[in-house]
file entry-v2.txt (compact mmCIF, N, CA and C atoms)
# COMPACT_ATOMS: atom_id res chain seq x y z
N MET A 489 -148.74 118.84 -50.87
CA MET A 489 -148.96 118.80 -52.30
C MET A 489 -149.96 117.70 -52.66
N LYS A 490 -149.89 116.54 -51.97
CA LYS A 490 -150.82 115.45 -52.23
C LYS A 490 -152.25 115.90 -51.92
N THR A 491 -152.42 116.65 -50.85
CA THR A 491 -153.75 117.13 -50.47
C THR A 491 -154.29 118.06 -51.54
N PHE A 492 -153.46 118.95 -52.05
CA PHE A 492 -153.89 119.88 -53.10
C PHE A 492 -154.29 119.11 -54.36
N ALA A 493 -153.50 118.11 -54.74
CA ALA A 493 -153.82 117.31 -55.93
C ALA A 493 -155.11 116.54 -55.73
N SER A 494 -155.30 115.96 -54.56
CA SER A 494 -156.53 115.22 -54.27
C SER A 494 -157.74 116.15 -54.30
N LEU A 495 -157.58 117.32 -53.68
CA LEU A 495 -158.66 118.30 -53.66
C LEU A 495 -158.98 118.77 -55.08
N SER A 496 -157.96 118.96 -55.89
CA SER A 496 -158.17 119.38 -57.29
C SER A 496 -158.93 118.32 -58.07
N LEU A 497 -158.59 117.05 -57.88
CA LEU A 497 -159.30 115.97 -58.57
C LEU A 497 -160.75 115.89 -58.13
N VAL A 498 -161.00 116.07 -56.85
CA VAL A 498 -162.37 116.04 -56.35
C VAL A 498 -163.17 117.20 -56.95
N MET A 499 -162.58 118.38 -56.99
CA MET A 499 -163.27 119.54 -57.56
C MET A 499 -163.53 119.33 -59.04
N LEU A 500 -162.56 118.76 -59.76
CA LEU A 500 -162.73 118.49 -61.18
C LEU A 500 -163.88 117.51 -61.40
N PHE A 501 -163.98 116.49 -60.55
CA PHE A 501 -165.07 115.52 -60.65
C PHE A 501 -166.42 116.22 -60.50
N PHE A 502 -166.54 117.09 -59.52
CA PHE A 502 -167.82 117.78 -59.31
C PHE A 502 -168.17 118.71 -60.46
N VAL A 503 -167.18 119.35 -61.04
CA VAL A 503 -167.43 120.22 -62.18
C VAL A 503 -167.91 119.41 -63.37
N VAL A 504 -167.24 118.30 -63.65
CA VAL A 504 -167.63 117.44 -64.77
C VAL A 504 -169.01 116.86 -64.51
N ALA A 505 -169.27 116.38 -63.30
CA ALA A 505 -170.57 115.78 -62.98
C ALA A 505 -171.69 116.81 -63.09
N SER A 506 -171.44 118.04 -62.71
CA SER A 506 -172.49 119.05 -62.78
C SER A 506 -172.75 119.50 -64.21
N CYS A 507 -171.81 119.30 -65.10
CA CYS A 507 -171.99 119.68 -66.51
C CYS A 507 -172.64 118.58 -67.33
N LYS A 508 -172.73 117.39 -66.78
CA LYS A 508 -173.33 116.28 -67.52
C LYS A 508 -174.80 116.59 -67.76
N LYS A 509 -175.25 116.41 -69.00
CA LYS A 509 -176.63 116.74 -69.33
C LYS A 509 -177.58 115.69 -68.79
N ASP A 510 -178.75 116.14 -68.44
CA ASP A 510 -179.82 115.26 -68.01
C ASP A 510 -180.55 114.81 -69.26
N ASP A 511 -180.54 113.49 -69.54
CA ASP A 511 -181.12 112.97 -70.78
C ASP A 511 -182.57 113.37 -70.96
N LYS A 512 -183.36 113.33 -69.91
CA LYS A 512 -184.78 113.64 -70.03
C LYS A 512 -185.00 115.11 -70.36
N SER A 513 -184.11 116.00 -69.91
CA SER A 513 -184.32 117.42 -70.15
C SER A 513 -184.12 117.79 -71.62
N GLN A 514 -183.47 116.93 -72.39
CA GLN A 514 -183.20 117.23 -73.78
C GLN A 514 -184.25 116.66 -74.73
N GLU A 515 -185.20 115.87 -74.19
CA GLU A 515 -186.22 115.29 -75.04
C GLU A 515 -187.22 116.35 -75.47
N THR A 516 -187.74 116.17 -76.66
CA THR A 516 -188.75 117.06 -77.23
C THR A 516 -189.96 116.22 -77.58
N THR A 517 -191.14 116.82 -77.47
CA THR A 517 -192.36 116.13 -77.88
C THR A 517 -192.63 116.44 -79.34
N TYR A 518 -192.91 115.40 -80.11
CA TYR A 518 -193.18 115.51 -81.53
C TYR A 518 -194.54 114.90 -81.84
N ILE A 519 -195.14 115.34 -82.93
CA ILE A 519 -196.33 114.72 -83.49
C ILE A 519 -196.04 114.49 -84.96
N GLY A 520 -196.30 113.27 -85.44
CA GLY A 520 -196.00 112.98 -86.83
C GLY A 520 -196.68 111.73 -87.31
N ASP A 521 -196.46 111.43 -88.57
CA ASP A 521 -197.10 110.30 -89.23
C ASP A 521 -196.07 109.27 -89.65
N THR A 522 -196.37 108.00 -89.38
CA THR A 522 -195.46 106.93 -89.76
C THR A 522 -195.59 106.65 -91.25
N GLU A 523 -194.48 106.29 -91.84
CA GLU A 523 -194.44 105.91 -93.25
C GLU A 523 -193.31 104.91 -93.46
N MET A 524 -193.50 104.06 -94.43
CA MET A 524 -192.45 103.09 -94.75
C MET A 524 -191.36 103.77 -95.55
N LEU A 525 -190.14 103.67 -95.08
CA LEU A 525 -188.98 104.19 -95.80
C LEU A 525 -188.35 103.00 -96.52
N ASP A 526 -188.77 102.79 -97.75
CA ASP A 526 -188.31 101.62 -98.50
C ASP A 526 -186.79 101.58 -98.62
N CYS A 527 -186.17 102.75 -98.75
CA CYS A 527 -184.71 102.77 -98.93
C CYS A 527 -183.97 102.28 -97.69
N PHE A 528 -184.61 102.35 -96.51
CA PHE A 528 -184.00 101.83 -95.28
C PHE A 528 -184.68 100.54 -94.82
N ASN A 529 -185.79 100.18 -95.48
CA ASN A 529 -186.59 99.03 -95.08
C ASN A 529 -187.01 99.14 -93.61
N ARG A 530 -187.41 100.36 -93.22
CA ARG A 530 -187.82 100.64 -91.84
C ARG A 530 -188.93 101.68 -91.85
N ILE A 531 -189.65 101.73 -90.75
CA ILE A 531 -190.66 102.77 -90.57
C ILE A 531 -189.97 104.04 -90.09
N GLY A 532 -190.38 105.17 -90.65
CA GLY A 532 -189.93 106.47 -90.20
C GLY A 532 -191.14 107.29 -89.79
N ILE A 533 -190.89 108.36 -89.07
CA ILE A 533 -191.97 109.26 -88.66
C ILE A 533 -191.68 110.64 -89.24
N ARG A 534 -192.57 111.09 -90.13
CA ARG A 534 -192.43 112.42 -90.73
C ARG A 534 -193.01 113.43 -89.75
N THR A 535 -192.23 114.42 -89.37
CA THR A 535 -192.63 115.41 -88.38
C THR A 535 -191.94 116.73 -88.67
N ILE A 536 -192.03 117.68 -87.74
CA ILE A 536 -191.33 118.95 -87.91
C ILE A 536 -190.36 119.14 -86.75
N LYS A 537 -189.30 119.88 -87.03
CA LYS A 537 -188.25 120.12 -86.04
C LYS A 537 -188.42 121.50 -85.44
N ASN A 538 -188.32 121.59 -84.13
CA ASN A 538 -188.38 122.85 -83.39
C ASN A 538 -189.65 123.65 -83.66
N ASN A 539 -190.77 122.96 -83.83
CA ASN A 539 -192.06 123.62 -84.07
C ASN A 539 -192.03 124.56 -85.26
N ASN A 540 -191.19 124.29 -86.24
CA ASN A 540 -191.05 125.14 -87.42
C ASN A 540 -191.59 124.38 -88.63
N GLN A 541 -192.72 124.82 -89.14
CA GLN A 541 -193.37 124.14 -90.27
C GLN A 541 -192.46 124.03 -91.49
N ASP A 542 -191.45 124.87 -91.59
CA ASP A 542 -190.53 124.81 -92.72
C ASP A 542 -189.41 123.79 -92.51
N SER A 543 -189.38 123.14 -91.36
CA SER A 543 -188.33 122.17 -91.05
C SER A 543 -188.89 120.77 -90.97
N LEU A 544 -189.33 120.25 -92.10
CA LEU A 544 -189.82 118.88 -92.14
C LEU A 544 -188.65 117.92 -92.01
N ILE A 545 -188.80 116.92 -91.14
CA ILE A 545 -187.76 115.92 -90.93
C ILE A 545 -188.40 114.54 -90.88
N VAL A 546 -187.57 113.52 -90.99
CA VAL A 546 -188.00 112.14 -90.82
C VAL A 546 -187.13 111.53 -89.72
N ILE A 547 -187.81 111.01 -88.69
CA ILE A 547 -187.11 110.36 -87.58
C ILE A 547 -187.24 108.85 -87.75
N ILE A 548 -186.11 108.16 -87.74
CA ILE A 548 -186.12 106.70 -87.76
C ILE A 548 -185.94 106.26 -86.31
N PRO A 549 -187.02 105.72 -85.71
CA PRO A 549 -186.93 105.33 -84.30
C PRO A 549 -186.19 104.01 -84.12
N ASP A 550 -185.39 103.95 -83.06
CA ASP A 550 -184.66 102.73 -82.73
C ASP A 550 -185.56 101.71 -82.03
N ASN A 551 -186.59 102.19 -81.37
CA ASN A 551 -187.34 101.34 -80.46
C ASN A 551 -188.85 101.59 -80.51
N LEU A 552 -189.40 101.75 -81.68
CA LEU A 552 -190.83 102.00 -81.81
C LEU A 552 -191.60 100.74 -81.44
N PRO A 553 -192.57 100.84 -80.50
CA PRO A 553 -193.36 99.66 -80.14
C PRO A 553 -194.04 99.04 -81.37
N ALA A 554 -194.14 97.73 -81.38
CA ALA A 554 -194.64 96.98 -82.55
C ALA A 554 -196.00 97.46 -83.03
N LYS A 555 -196.89 97.83 -82.12
CA LYS A 555 -198.24 98.22 -82.55
C LYS A 555 -198.24 99.54 -83.32
N PHE A 556 -197.16 100.32 -83.23
CA PHE A 556 -197.05 101.57 -83.98
C PHE A 556 -196.11 101.45 -85.18
N ASN A 557 -195.48 100.30 -85.32
CA ASN A 557 -194.45 100.11 -86.34
C ASN A 557 -195.07 99.72 -87.68
N VAL A 558 -196.05 100.51 -88.11
CA VAL A 558 -196.73 100.33 -89.39
C VAL A 558 -196.99 101.70 -89.99
N ALA A 559 -197.10 101.75 -91.30
CA ALA A 559 -197.37 103.02 -91.98
C ALA A 559 -198.79 103.48 -91.69
N GLY A 560 -198.96 104.80 -91.64
CA GLY A 560 -200.29 105.38 -91.51
C GLY A 560 -200.74 105.71 -90.11
N LYS A 561 -199.88 105.61 -89.11
CA LYS A 561 -200.24 105.96 -87.74
C LYS A 561 -199.90 107.43 -87.49
N HIS A 562 -200.77 108.12 -86.79
CA HIS A 562 -200.54 109.52 -86.39
C HIS A 562 -200.15 109.47 -84.91
N LEU A 563 -198.89 109.79 -84.59
CA LEU A 563 -198.34 109.57 -83.26
C LEU A 563 -197.87 110.85 -82.58
N GLN A 564 -197.92 110.81 -81.26
CA GLN A 564 -197.25 111.79 -80.42
C GLN A 564 -196.21 111.01 -79.62
N PHE A 565 -195.01 111.56 -79.50
CA PHE A 565 -193.94 110.83 -78.82
C PHE A 565 -192.87 111.80 -78.36
N ASN A 566 -192.04 111.34 -77.45
CA ASN A 566 -190.88 112.10 -77.00
C ASN A 566 -189.64 111.49 -77.62
N ALA A 567 -188.69 112.34 -77.98
CA ALA A 567 -187.45 111.84 -78.56
C ALA A 567 -186.35 112.88 -78.42
N GLU A 568 -185.15 112.40 -78.36
CA GLU A 568 -183.96 113.24 -78.48
C GLU A 568 -183.28 112.79 -79.76
N ILE A 569 -183.42 113.61 -80.80
CA ILE A 569 -182.92 113.20 -82.11
C ILE A 569 -181.40 113.33 -82.19
N ARG A 570 -180.84 112.52 -83.07
CA ARG A 570 -179.40 112.56 -83.33
C ARG A 570 -179.19 112.33 -84.83
N SER A 571 -178.01 112.58 -85.29
CA SER A 571 -177.69 112.41 -86.71
C SER A 571 -177.92 110.97 -87.13
N ASN A 572 -178.33 110.80 -88.38
CA ASN A 572 -178.56 109.47 -88.93
C ASN A 572 -177.23 108.79 -89.25
N THR A 573 -177.10 107.56 -88.79
CA THR A 573 -175.90 106.77 -89.10
C THR A 573 -176.24 105.54 -89.94
N LEU A 574 -177.53 105.37 -90.26
CA LEU A 574 -177.94 104.22 -91.06
C LEU A 574 -177.62 104.46 -92.54
N THR A 575 -177.27 103.41 -93.22
CA THR A 575 -176.99 103.49 -94.65
C THR A 575 -178.19 102.96 -95.41
N PRO A 576 -178.70 103.72 -96.37
CA PRO A 576 -179.86 103.23 -97.12
C PRO A 576 -179.47 102.04 -98.00
N ASP A 577 -180.46 101.18 -98.24
CA ASP A 577 -180.25 100.04 -99.13
C ASP A 577 -180.09 100.50 -100.57
N PHE A 578 -180.75 101.60 -100.91
CA PHE A 578 -180.64 102.23 -102.23
C PHE A 578 -180.99 103.70 -102.08
N PRO A 579 -180.49 104.55 -102.96
CA PRO A 579 -180.78 105.99 -102.84
C PRO A 579 -182.25 106.27 -103.17
N ASP A 580 -182.84 107.20 -102.42
CA ASP A 580 -184.22 107.60 -102.66
C ASP A 580 -184.22 109.11 -102.91
N PRO A 581 -184.36 109.53 -104.16
CA PRO A 581 -184.29 110.96 -104.47
C PRO A 581 -185.43 111.77 -103.87
N SER A 582 -186.48 111.10 -103.38
CA SER A 582 -187.60 111.84 -102.79
C SER A 582 -187.33 112.25 -101.34
N ILE A 583 -186.23 111.76 -100.76
CA ILE A 583 -185.89 112.09 -99.37
C ILE A 583 -184.53 112.78 -99.34
N ASP A 584 -184.50 113.97 -98.75
CA ASP A 584 -183.25 114.70 -98.56
C ASP A 584 -182.50 114.06 -97.38
N PRO A 585 -181.31 113.52 -97.61
CA PRO A 585 -180.57 112.87 -96.52
C PRO A 585 -180.32 113.78 -95.32
N GLY A 586 -180.29 115.08 -95.54
CA GLY A 586 -180.07 116.03 -94.44
C GLY A 586 -181.27 116.19 -93.53
N THR A 587 -182.39 115.59 -93.88
CA THR A 587 -183.59 115.70 -93.05
C THR A 587 -183.90 114.41 -92.30
N ILE A 588 -183.01 113.43 -92.38
CA ILE A 588 -183.23 112.15 -91.71
C ILE A 588 -182.42 112.09 -90.42
N TYR A 589 -183.11 111.72 -89.35
CA TYR A 589 -182.50 111.61 -88.02
C TYR A 589 -182.86 110.26 -87.43
N GLN A 590 -182.15 109.89 -86.39
CA GLN A 590 -182.47 108.71 -85.61
C GLN A 590 -182.82 109.16 -84.19
N ALA A 591 -183.53 108.29 -83.46
CA ALA A 591 -183.88 108.63 -82.08
C ALA A 591 -184.37 107.41 -81.33
N ASP A 592 -184.14 107.43 -80.03
CA ASP A 592 -184.86 106.55 -79.12
C ASP A 592 -186.14 107.30 -78.81
N VAL A 593 -187.27 106.64 -78.89
CA VAL A 593 -188.55 107.29 -78.63
C VAL A 593 -189.14 106.76 -77.32
N SER A 594 -189.95 107.60 -76.69
CA SER A 594 -190.63 107.20 -75.47
C SER A 594 -192.01 107.85 -75.43
N ASP A 595 -192.84 107.38 -74.53
CA ASP A 595 -194.19 107.92 -74.34
C ASP A 595 -194.95 108.01 -75.67
N VAL A 596 -194.87 106.95 -76.47
CA VAL A 596 -195.51 106.92 -77.78
C VAL A 596 -197.00 106.64 -77.60
N LYS A 597 -197.83 107.46 -78.26
CA LYS A 597 -199.27 107.20 -78.26
C LYS A 597 -199.87 107.68 -79.57
N GLU A 598 -200.93 107.01 -79.97
CA GLU A 598 -201.62 107.39 -81.19
C GLU A 598 -202.57 108.53 -80.89
N VAL A 599 -202.59 109.54 -81.75
CA VAL A 599 -203.48 110.70 -81.58
C VAL A 599 -204.35 110.84 -82.81
N GLN A 600 -205.43 111.54 -82.65
CA GLN A 600 -206.38 111.77 -83.75
C GLN A 600 -206.06 113.05 -84.47

call {"tool": "encode", "arguments": {"input": "entry-v2.txt", "output": "structure tokens"}}
result
Amino acid sequence: MKTFASLSLVMLFFVVASCKKDDKSQETTYIGDTEMLDCFNRIGIRTIKNNNQDSLIVIIPDNLPAKFNVAGKHLQFNAEIRSNTLTPDFPDPSIDPGTIYQADVSDVKEVQ
């Protein structure tokens, strides 16, 4: 019985390990423009979600390099977006809260 239980635990470990997502495989490449989000006192990147022009979103990056952390930059970057957990300093009626996301960004570069 001990052998069966041990074997079951080992098999369960392999099943769980094989189901774990690869972080890099979930990243998407985005192109967007930086803008100051006064309500969050942070830079956001206005872009589109899933290559759908009707899905405008704003990504608040956790780790945008300093040279890009200014309004008016046109950037290409990789990110895996997640729901926004930041609380605005004040409400901004010009931004739909359902279109704001957060992300760790990588491979950031300025494009023309």

call {"tool": "atom_distance", "arguments": {"input": "entry-v2.txt", "atom1": "atom C of Thr522 in chain A", "atom2": "CA of Arg534 in chain A"}}
result
6.6 Å

call {"tool": "atom_distance", "arguments": {"input": "entry-v2.txt", "atom1": "CA of Gln600 in chain A", "atom2": "CA of Ile533 in chain A"}}
result
15.4 Å

call {"tool": "select_by_dssp", "arguments": {"input": "entry-v2.txt", "residues": "range 493-598 of chain A", "states": "strand (DSSP E or B)", "output": "PyMOL selection string"}}
result
chain A and resi 516-525+530-536+544-549+562-571+588-598

call {"tool": "closest_residue", "arguments": {"input": "entry-v2.txt", "among": "A:Glu598, A:Val593, A:Glu568, A:Thr517", "to": "Asn551 in chain A", "atoms": "all atoms listed in the file"}}
result
A:Val593

call {"tool": "closest_residue", "arguments": {"input": "entry-v2.txt", "among": "A:Gln564, A:Asn538, A:Asn529, A:Gln590", "to": "Pro576 in chain A", "atoms": "only C-alpha atoms"}}
result
A:Asn529

call {"tool": "atom_distance", "arguments": {"input": "entry-v2.txt", "atom1": "CA of Ile569 in chain A", "atom2": "CA of Asp595 in chain A"}}
result
14.7 Å
